[in-house]
$ cat work-v7.tsv   # TSV, C-alpha atoms
chain	number	residue	atom	x	y	z
A	30	MET	CA	-31.22	-28.06	-38.08
A	31	SER	CA	-30.33	-24.40	-37.83
A	32	VAL	CA	-31.76	-21.56	-39.88
A	33	PHE	CA	-28.26	-20.92	-41.24
A	34	TRP	CA	-27.96	-24.50	-42.47
A	35	LEU	CA	-31.34	-24.33	-44.20
A	36	ALA	CA	-30.44	-20.96	-45.73
A	37	THR	CA	-27.11	-22.37	-46.93
A	38	ARG	CA	-28.82	-25.23	-48.72
A	39	ALA	CA	-31.56	-23.08	-50.25
A	40	THR	CA	-29.26	-20.30	-51.41
A	41	GLY	CA	-26.79	-22.83	-52.80
A	42	GLU	CA	-29.47	-24.38	-55.01
A	43	LEU	CA	-30.84	-20.97	-55.97
A	44	SER	CA	-27.33	-19.76	-56.79
A	45	LEU	CA	-26.91	-22.65	-59.25
A	46	VAL	CA	-30.21	-21.76	-60.92
A	47	LEU	CA	-29.28	-18.07	-61.13
A	48	LEU	CA	-25.76	-18.80	-62.40
A	49	THR	CA	-27.32	-20.96	-65.09
A	50	ALA	CA	-29.63	-18.09	-66.06
A	51	VAL	CA	-26.59	-15.80	-66.20
A	52	VAL	CA	-24.78	-18.21	-68.54
A	53	VAL	CA	-27.84	-18.57	-70.79
A	54	LEU	CA	-28.40	-14.81	-70.89
A	55	GLY	CA	-24.70	-14.29	-71.55
A	56	ILE	CA	-24.92	-16.61	-74.55
A	57	ALA	CA	-28.02	-14.74	-75.73
A	58	THR	CA	-26.24	-11.41	-75.35
A	59	ALA	CA	-23.06	-12.58	-77.09
A	60	ARG	CA	-24.98	-14.10	-79.99
A	61	GLY	CA	-27.21	-11.10	-80.49
A	62	TRP	CA	-30.39	-13.07	-79.80
A	63	ALA	CA	-32.70	-10.15	-79.70
A	64	HIS	CA	-36.20	-9.63	-80.94
A	65	GLU	CA	-38.52	-6.68	-81.37
A	66	ARG	CA	-40.17	-7.61	-78.05
A	67	TRP	CA	-36.82	-8.32	-76.40
A	68	PRO	CA	-34.33	-5.79	-77.80
A	69	GLU	CA	-30.64	-6.32	-77.17
A	70	ALA	CA	-30.64	-3.66	-74.45
A	71	VAL	CA	-33.28	-5.60	-72.52
A	72	VAL	CA	-31.39	-8.90	-72.83
A	73	THR	CA	-28.16	-7.22	-71.74
A	74	LEU	CA	-29.76	-5.49	-68.76
A	75	LEU	CA	-31.45	-8.74	-67.75
A	76	HIS	CA	-28.06	-10.50	-67.93
A	77	ARG	CA	-26.50	-7.84	-65.70
A	78	ASN	CA	-29.35	-7.81	-63.19
A	79	VAL	CA	-29.57	-11.59	-62.89
A	80	SER	CA	-25.78	-11.60	-62.47
A	81	LEU	CA	-26.11	-9.16	-59.58
A	82	LEU	CA	-28.91	-11.20	-58.03
A	83	SER	CA	-26.81	-14.37	-58.29
A	84	VAL	CA	-23.96	-12.62	-56.46
A	85	VAL	CA	-26.36	-11.58	-53.69
A	86	PHE	CA	-27.62	-15.14	-53.18
A	87	LEU	CA	-24.08	-16.50	-53.39
A	88	ALA	CA	-23.01	-14.03	-50.68
A	89	VAL	CA	-25.85	-15.28	-48.48
A	90	HIS	CA	-24.86	-18.89	-49.27
A	91	ILE	CA	-21.26	-18.23	-48.26
A	92	GLY	CA	-22.16	-16.11	-45.25
A	93	THR	CA	-24.62	-18.61	-43.81
A	94	THR	CA	-22.16	-21.45	-44.38
A	95	VAL	CA	-19.49	-19.68	-42.33
A	96	LEU	CA	-21.86	-18.35	-39.67
A	97	ASP	CA	-23.60	-21.70	-39.14
A	98	GLY	CA	-20.54	-23.16	-37.45
A	99	PHE	CA	-21.78	-26.74	-37.92
A	100	VAL	CA	-18.84	-27.39	-40.25
A	101	PRO	CA	-15.38	-25.91	-39.76
A	102	ILE	CA	-15.41	-23.44	-42.65
A	103	GLY	CA	-14.00	-19.99	-41.95
A	104	TRP	CA	-13.79	-16.74	-43.86
A	105	ILE	CA	-10.30	-17.55	-45.13
A	106	ASP	CA	-11.71	-20.72	-46.71
A	107	VAL	CA	-13.96	-18.52	-48.83
A	108	VAL	CA	-10.97	-17.26	-50.85
A	109	ILE	CA	-8.25	-19.90	-50.39
A	110	PRO	CA	-9.28	-23.18	-52.02
A	111	PHE	CA	-8.64	-26.58	-50.47
A	112	ALA	CA	-7.48	-25.11	-47.12
A	113	GLN	CA	-10.42	-26.38	-45.05
A	114	SER	CA	-10.74	-29.83	-43.52
A	115	TYR	CA	-14.44	-30.38	-44.23
A	116	ARG	CA	-15.06	-32.02	-47.63
A	117	THR	CA	-11.83	-30.48	-48.84
A	118	LEU	CA	-12.23	-31.21	-52.55
A	119	TRP	CA	-15.89	-30.24	-52.81
A	120	VAL	CA	-15.76	-27.09	-50.70
A	121	GLY	CA	-12.45	-26.19	-52.35
A	122	LEU	CA	-14.15	-26.34	-55.75
A	123	GLY	CA	-16.76	-23.92	-54.44
A	124	THR	CA	-13.92	-21.60	-53.46
A	125	VAL	CA	-12.38	-21.93	-56.93
A	126	ALA	CA	-15.75	-21.05	-58.49
A	127	PHE	CA	-16.02	-18.04	-56.17
A	128	ASP	CA	-12.49	-16.88	-57.03
A	129	LEU	CA	-13.29	-17.18	-60.75
A	130	LEU	CA	-16.50	-15.22	-60.18
A	131	VAL	CA	-14.58	-12.43	-58.45
A	132	THR	CA	-12.18	-12.34	-61.42
A	133	VAL	CA	-15.05	-12.05	-63.90
A	134	ILE	CA	-16.76	-9.35	-61.81
A	135	VAL	CA	-13.61	-7.26	-61.36
A	136	THR	CA	-12.72	-7.41	-65.05
A	137	SER	CA	-16.31	-6.56	-65.98
A	138	LEU	CA	-16.24	-3.52	-63.71
A	139	LEU	CA	-12.94	-2.52	-65.35
A	140	ARG	CA	-14.09	-3.44	-68.85
A	141	HIS	CA	-13.61	0.08	-70.20
A	142	ARG	CA	-9.98	0.04	-68.96
A	143	ILE	CA	-8.82	-3.28	-70.42
A	144	ALA	CA	-8.51	-4.55	-73.97
A	145	PRO	CA	-11.77	-6.02	-75.30
A	146	ARG	CA	-10.04	-9.28	-76.23
A	147	ALA	CA	-8.60	-9.65	-72.71
A	148	TRP	CA	-12.01	-8.96	-71.18
A	149	LYS	CA	-13.66	-11.51	-73.44
A	150	LEU	CA	-11.05	-14.17	-72.60
A	151	VAL	CA	-11.52	-13.61	-68.87
A	152	HIS	CA	-15.30	-13.49	-69.28
A	153	LEU	CA	-15.17	-16.94	-70.92
A	154	LEU	CA	-14.14	-18.20	-67.46
A	155	SER	CA	-17.85	-17.91	-66.66
A	156	TYR	CA	-18.38	-21.28	-68.34
A	157	LEU	CA	-15.69	-22.83	-66.15
A	158	LEU	CA	-16.94	-21.22	-62.95
A	159	TRP	CA	-20.48	-22.42	-63.72
A	160	ALA	CA	-19.27	-25.99	-64.31
A	161	VAL	CA	-17.12	-25.95	-61.17
A	162	ALA	CA	-20.09	-24.60	-59.17
A	163	ILE	CA	-22.24	-27.49	-60.45
A	164	VAL	CA	-19.61	-30.03	-59.36
A	165	HIS	CA	-19.22	-28.24	-56.02
A	166	GLY	CA	-22.95	-28.52	-55.41
A	167	LEU	CA	-22.99	-32.19	-56.32
A	168	GLY	CA	-20.14	-33.00	-53.95
A	169	ALA	CA	-20.72	-30.60	-51.08
A	170	GLY	CA	-24.51	-30.58	-51.08
A	171	THR	CA	-26.23	-32.57	-48.38
A	172	ASP	CA	-29.56	-33.06	-50.14
A	173	ARG	CA	-28.40	-35.44	-52.87
A	174	VAL	CA	-31.77	-35.93	-54.57
A	175	LEU	CA	-32.58	-32.22	-54.85
A	176	THR	CA	-29.03	-31.24	-55.80
A	177	ARG	CA	-28.79	-33.90	-58.51
A	178	ALA	CA	-32.17	-32.90	-59.95
A	179	VAL	CA	-31.29	-29.19	-59.99
A	180	ALA	CA	-27.81	-29.86	-61.42
A	181	ALA	CA	-29.17	-32.15	-64.14
A	182	ALA	CA	-31.79	-29.59	-65.16
A	183	MET	CA	-29.23	-26.76	-65.21
A	184	VAL	CA	-26.75	-28.78	-67.27
A	185	MET	CA	-29.47	-29.67	-69.77
A	186	ILE	CA	-30.51	-26.02	-70.10
A	187	VAL	CA	-26.95	-24.88	-70.78
A	188	LEU	CA	-26.28	-27.76	-73.20
A	189	ILE	CA	-29.46	-26.98	-75.15
A	190	THR	CA	-28.54	-23.28	-75.24
A	191	LEU	CA	-25.04	-24.10	-76.48
A	192	ALA	CA	-26.48	-26.41	-79.14
A	193	VAL	CA	-28.83	-23.68	-80.32
A	194	ARG	CA	-25.91	-21.26	-80.31
A	195	ALA	CA	-23.85	-23.61	-82.46
A	196	LEU	CA	-26.70	-24.15	-84.91
A	197	THR	CA	-27.84	-20.55	-85.37
A	198	PRO	CA	-25.97	-17.71	-87.04
A	199	HIS	CA	-24.88	-14.69	-85.07
A	200	ARG	CA	-27.27	-11.82	-85.79
A	201	ALA	CA	-24.40	-9.67	-87.03
A	202	ASP	CA	-23.45	-12.44	-89.49
A	203	ASP	CA	-26.98	-12.89	-90.87
A	204	PRO	CA	-28.04	-10.06	-93.20
A	205	SER	CA	-31.63	-11.36	-93.31
A	206	VAL	CA	-32.09	-10.53	-89.63
A	207	SER	CA	-32.42	-6.89	-88.78
A	208	VAL	CA	-32.71	-6.15	-85.12
A	209	ALA	CA	-31.98	-2.62	-84.05
A	210	ARG	CA	-29.03	-2.52	-81.70
A	211	THR	CA	-29.59	-0.30	-78.73
A	212	ARG	CA	-26.79	0.85	-76.51
A	213	VAL	CA	-27.20	-0.21	-72.90
A	214	PRO	CA	-26.64	2.57	-70.34
A	215	ARG	CA	-24.04	1.91	-67.66

$ encode --input "work-v7.tsv" --output "structure tokens"
Amino acid sequence: MSVFWLATRATGELSLVLLTAVVVLGIATARGWAHERWPEAVVTLLHRNVSLLSVVFLAVHIGTTVLDGFVPIGWIDVVIPFAQSYRTLWVGLGTVAFDLLVTVIVTSLLRHRIAPRAWKLVHLLSYLLWAVAIVHGLGAGTDRVLTRAVAAAMVMIVLITLAVRALTPHRADDPSVSVARTRVPR
């Protein structure tokens, strides 16, 4: 077992946890789930910072996978899905998730230059990239017990958050809730 292989496994699992946190915080931000102790600016900044942290761990996951050399995955396989010979479907799904992530990141960085509706539609791909990343982990992961446990927990967290989202009014739609909106600095 190489250090790269261990790092690949650990950062893969951690990336799923962080991506789940990003999705949950994104739902909280979109729904205006803020509180006096957790103003909207704090929730939004937390969403952005956890997003950045997830990208860092994903970069380590990808880098250690390529550098390990145990499986024939090259740098081109990072961006072109289903081109590699090792676990083609599962690794290819990881590439699809990565490509979707790059799309969401680029459009978020250009948010002030594109129509809000277009940004929102592209940003909704985050749900798809999260789901594809979960499936990638389940198929490509080598530690089946750990990966299944982490994936099951992450799916439950997102499903519960979506259920709460569906059952609670948006803060802007509920006149009985008054939470001061604070603009988040860029």

$ atom_distance --input "work-v7.tsv" --atom1 "CA of Asp97 (chain A)" --atom2 "CA of Phe33 (chain A)"
5.2 Å

$ atom_distance --input "work-v7.tsv" --atom1 "CA of Gly98 (chain A)" --atom2 "CA of Arg38 (chain A)"
14.1 Å

$ closest_residue --input "work-v7.tsv" --among "A:Thr171, A:Ile56, A:Leu45, A:Ser31" --to "Trp159 (chain A)" --atoms "all atoms listed in the file"
A:Leu45

$ closest_residue --input "work-v7.tsv" --among "A:Ser83, A:Thr93, A:Tyr156, A:Phe127" --to "Ile109 (chain A)" --atoms "all atoms listed in the file"
A:Phe127

$ residues_near_point --input "work-v7.tsv" --point "(-15.0, -20.6, -59.3)" --cutoff "8 Å" --atoms "only C-alpha atoms" --output "list in words"
Leu122, Gly123, Thr124, Val125, Ala126, Phe127, Asp128, Leu129, Leu130, Leu157, Leu158, Trp159, Val161 and Ala162 of chain A

$ atom_distance --input "work-v7.tsv" --atom1 "CA of Ser137 (chain A)" --atom2 "CA of Arg77 (chain A)"
10.3 Å

$ residues_around --input "work-v7.tsv" --residues "Val184 (chain A)" --least-positions-apart "5" --cutoff "12 Å" --atoms "all atoms listed in the file" --output "list in words"
Leu45, Val46, Leu48, Thr49, Ala50, Val52, Val53, Tyr156, Trp159, Ala160, Val161, Ala162, Ile163, Val164, Thr176, Arg177, Ala178, Val179, Ile189, Thr190 and Leu191 of chain A

$ closest_residue --input "work-v7.tsv" --among "A:Pro68, A:Leu43, A:Val120, A:Val100" --to "Leu82 (chain A)" --atoms "only C-alpha atoms"
A:Leu43

$ closest_residue --input "work-v7.tsv" --among "A:Trp62, A:Thr94, A:Val151, A:Ile186" --to "Gly170 (chain A)" --atoms "all atoms listed in the file"
A:Thr94

$ residues_around --input "work-v7.tsv" --residues "Tyr115 (chain A)" --least-positions-apart "3" --cutoff "10 Å" --atoms "all atoms listed in the file" --output "PDB file with C-alpha atoms, in the coordinates of the input"
ATOM      1  CA  VAL A 100     -18.840 -27.390 -40.250  1.00  0.00           C
ATOM      2  CA  PRO A 101     -15.380 -25.910 -39.760  1.00  0.00           C
ATOM      3  CA  ILE A 102     -15.410 -23.440 -42.650  1.00  0.00           C
ATOM      4  CA  PHE A 111      -8.640 -26.580 -50.470  1.00  0.00           C
ATOM      5  CA  ALA A 112      -7.480 -25.110 -47.120  1.00  0.00           C
ATOM      6  CA  LEU A 118     -12.230 -31.210 -52.550  1.00  0.00           C
ATOM      7  CA  TRP A 119     -15.890 -30.240 -52.810  1.00  0.00           C
ATOM      8  CA  VAL A 120     -15.760 -27.090 -50.700  1.00  0.00           C
ATOM      9  CA  GLY A 121     -12.450 -26.190 -52.350  1.00  0.00           C
ATOM     10  CA  ALA A 169     -20.720 -30.600 -51.080  1.00  0.00           C
TER      11      ALA A 169
END

$ closest_residue --input "work-v7.tsv" --among "A:Val51, A:Gly92, A:Gly103, A:Arg173" --to "Val79 (chain A)" --atoms "only C-alpha atoms"
A:Val51

$ residues_around --input "work-v7.tsv" --residues "Arg140 (chain A)" --least-positions-apart "5" --cutoff "12 Å" --atoms "all atoms listed in the file" --output "NGL selection string"
:A and (132-135 or 145-152 or 215)

$ closest_residue --input "work-v7.tsv" --among "A:Ala59, A:Ala36, A:Val108, A:Leu167" --to "Phe86 (chain A)" --atoms "all atoms listed in the file"
A:Ala36

$ decode --input "work-v7.tsv" --residues "region 140-159 of chain A" --atoms "N, CA and C atoms" --output "mmCIF file, in the first residue's frame"
data_model
loop_
_atom_site.group_PDB
_atom_site.id
_atom_site.type_symbol
_atom_site.label_atom_id
_atom_site.label_comp_id
_atom_site.auth_asym_id
_atom_site.auth_seq_id
_atom_site.Cartn_x
_atom_site.Cartn_y
_atom_site.Cartn_z
ATOM 1 N N ARG A 140 -20.295 34.885 -12.220
ATOM 2 C CA ARG A 140 -21.696 35.134 -11.883
ATOM 3 C C ARG A 140 -22.141 36.554 -12.214
ATOM 4 N N HIS A 141 -21.304 37.523 -11.948
ATOM 5 C CA HIS A 141 -21.667 38.920 -12.209
ATOM 6 C C HIS A 141 -21.711 39.252 -13.699
ATOM 7 N N ARG A 142 -21.244 38.340 -14.559
ATOM 8 C CA ARG A 142 -21.217 38.572 -16.005
ATOM 9 C C ARG A 142 -22.256 37.767 -16.775
ATOM 10 N N ILE A 143 -22.987 36.895 -16.087
ATOM 11 C CA ILE A 143 -24.010 36.101 -16.772
ATOM 12 C C ILE A 143 -25.369 36.374 -16.132
ATOM 13 N N ALA A 144 -26.405 36.048 -16.874
ATOM 14 C CA ALA A 144 -27.769 36.281 -16.389
ATOM 15 C C ALA A 144 -28.018 35.452 -15.126
ATOM 16 N N PRO A 145 -28.680 36.022 -14.147
ATOM 17 C CA PRO A 145 -28.949 35.289 -12.898
ATOM 18 C C PRO A 145 -29.670 33.958 -13.128
ATOM 19 N N ARG A 146 -30.609 33.944 -14.053
ATOM 20 C CA ARG A 146 -31.342 32.702 -14.334
ATOM 21 C C ARG A 146 -30.406 31.636 -14.916
ATOM 22 N N ALA A 147 -29.505 32.039 -15.795
ATOM 23 C CA ALA A 147 -28.551 31.092 -16.386
ATOM 24 C C ALA A 147 -27.613 30.552 -15.307
ATOM 25 N N TRP A 148 -27.140 31.451 -14.423
ATOM 26 C CA TRP A 148 -26.276 31.002 -13.335
ATOM 27 C C TRP A 148 -27.000 30.003 -12.452
ATOM 28 N N LYS A 149 -28.237 30.311 -12.109
ATOM 29 C CA LYS A 149 -29.000 29.426 -11.227
ATOM 30 C C LYS A 149 -29.203 28.053 -11.879
ATOM 31 N N LEU A 150 -29.530 28.037 -13.165
ATOM 32 C CA LEU A 150 -29.720 26.761 -13.860
ATOM 33 C C LEU A 150 -28.442 25.928 -13.865
ATOM 34 N N VAL A 151 -27.314 26.574 -14.124
ATOM 35 C CA VAL A 151 -26.036 25.848 -14.108
ATOM 36 C C VAL A 151 -25.711 25.408 -12.681
ATOM 37 N N HIS A 152 -25.983 26.272 -11.713
ATOM 38 C CA HIS A 152 -25.680 25.947 -10.316
ATOM 39 C C HIS A 152 -26.504 24.750 -9.824
ATOM 40 N N LEU A 153 -27.675 24.548 -10.401
ATOM 41 C CA LEU A 153 -28.491 23.385 -10.047
ATOM 42 C C LEU A 153 -27.806 22.069 -10.431
ATOM 43 N N LEU A 154 -26.814 22.143 -11.311
ATOM 44 C CA LEU A 154 -26.025 20.953 -11.654
ATOM 45 C C LEU A 154 -25.283 20.405 -10.438
ATOM 46 N N SER A 155 -25.179 21.217 -9.385
ATOM 47 C CA SER A 155 -24.511 20.765 -8.167
ATOM 48 C C SER A 155 -25.178 19.518 -7.600
ATOM 49 N N TYR A 156 -26.501 19.450 -7.701
ATOM 50 C CA TYR A 156 -27.215 18.253 -7.239
ATOM 51 C C TYR A 156 -26.783 17.034 -8.045
ATOM 52 N N LEU A 157 -26.711 17.217 -9.357
ATOM 53 C CA LEU A 157 -26.310 16.110 -10.235
ATOM 54 C C LEU A 157 -24.870 15.711 -9.972
ATOM 55 N N LEU A 158 -23.978 16.684 -9.853
ATOM 56 C CA LEU A 158 -22.566 16.334 -9.646
ATOM 57 C C LEU A 158 -22.385 15.630 -8.314
ATOM 58 N N TRP A 159 -23.148 16.042 -7.289
ATOM 59 C CA TRP A 159 -23.071 15.369 -5.989
ATOM 60 C C TRP A 159 -23.535 13.912 -6.126
#
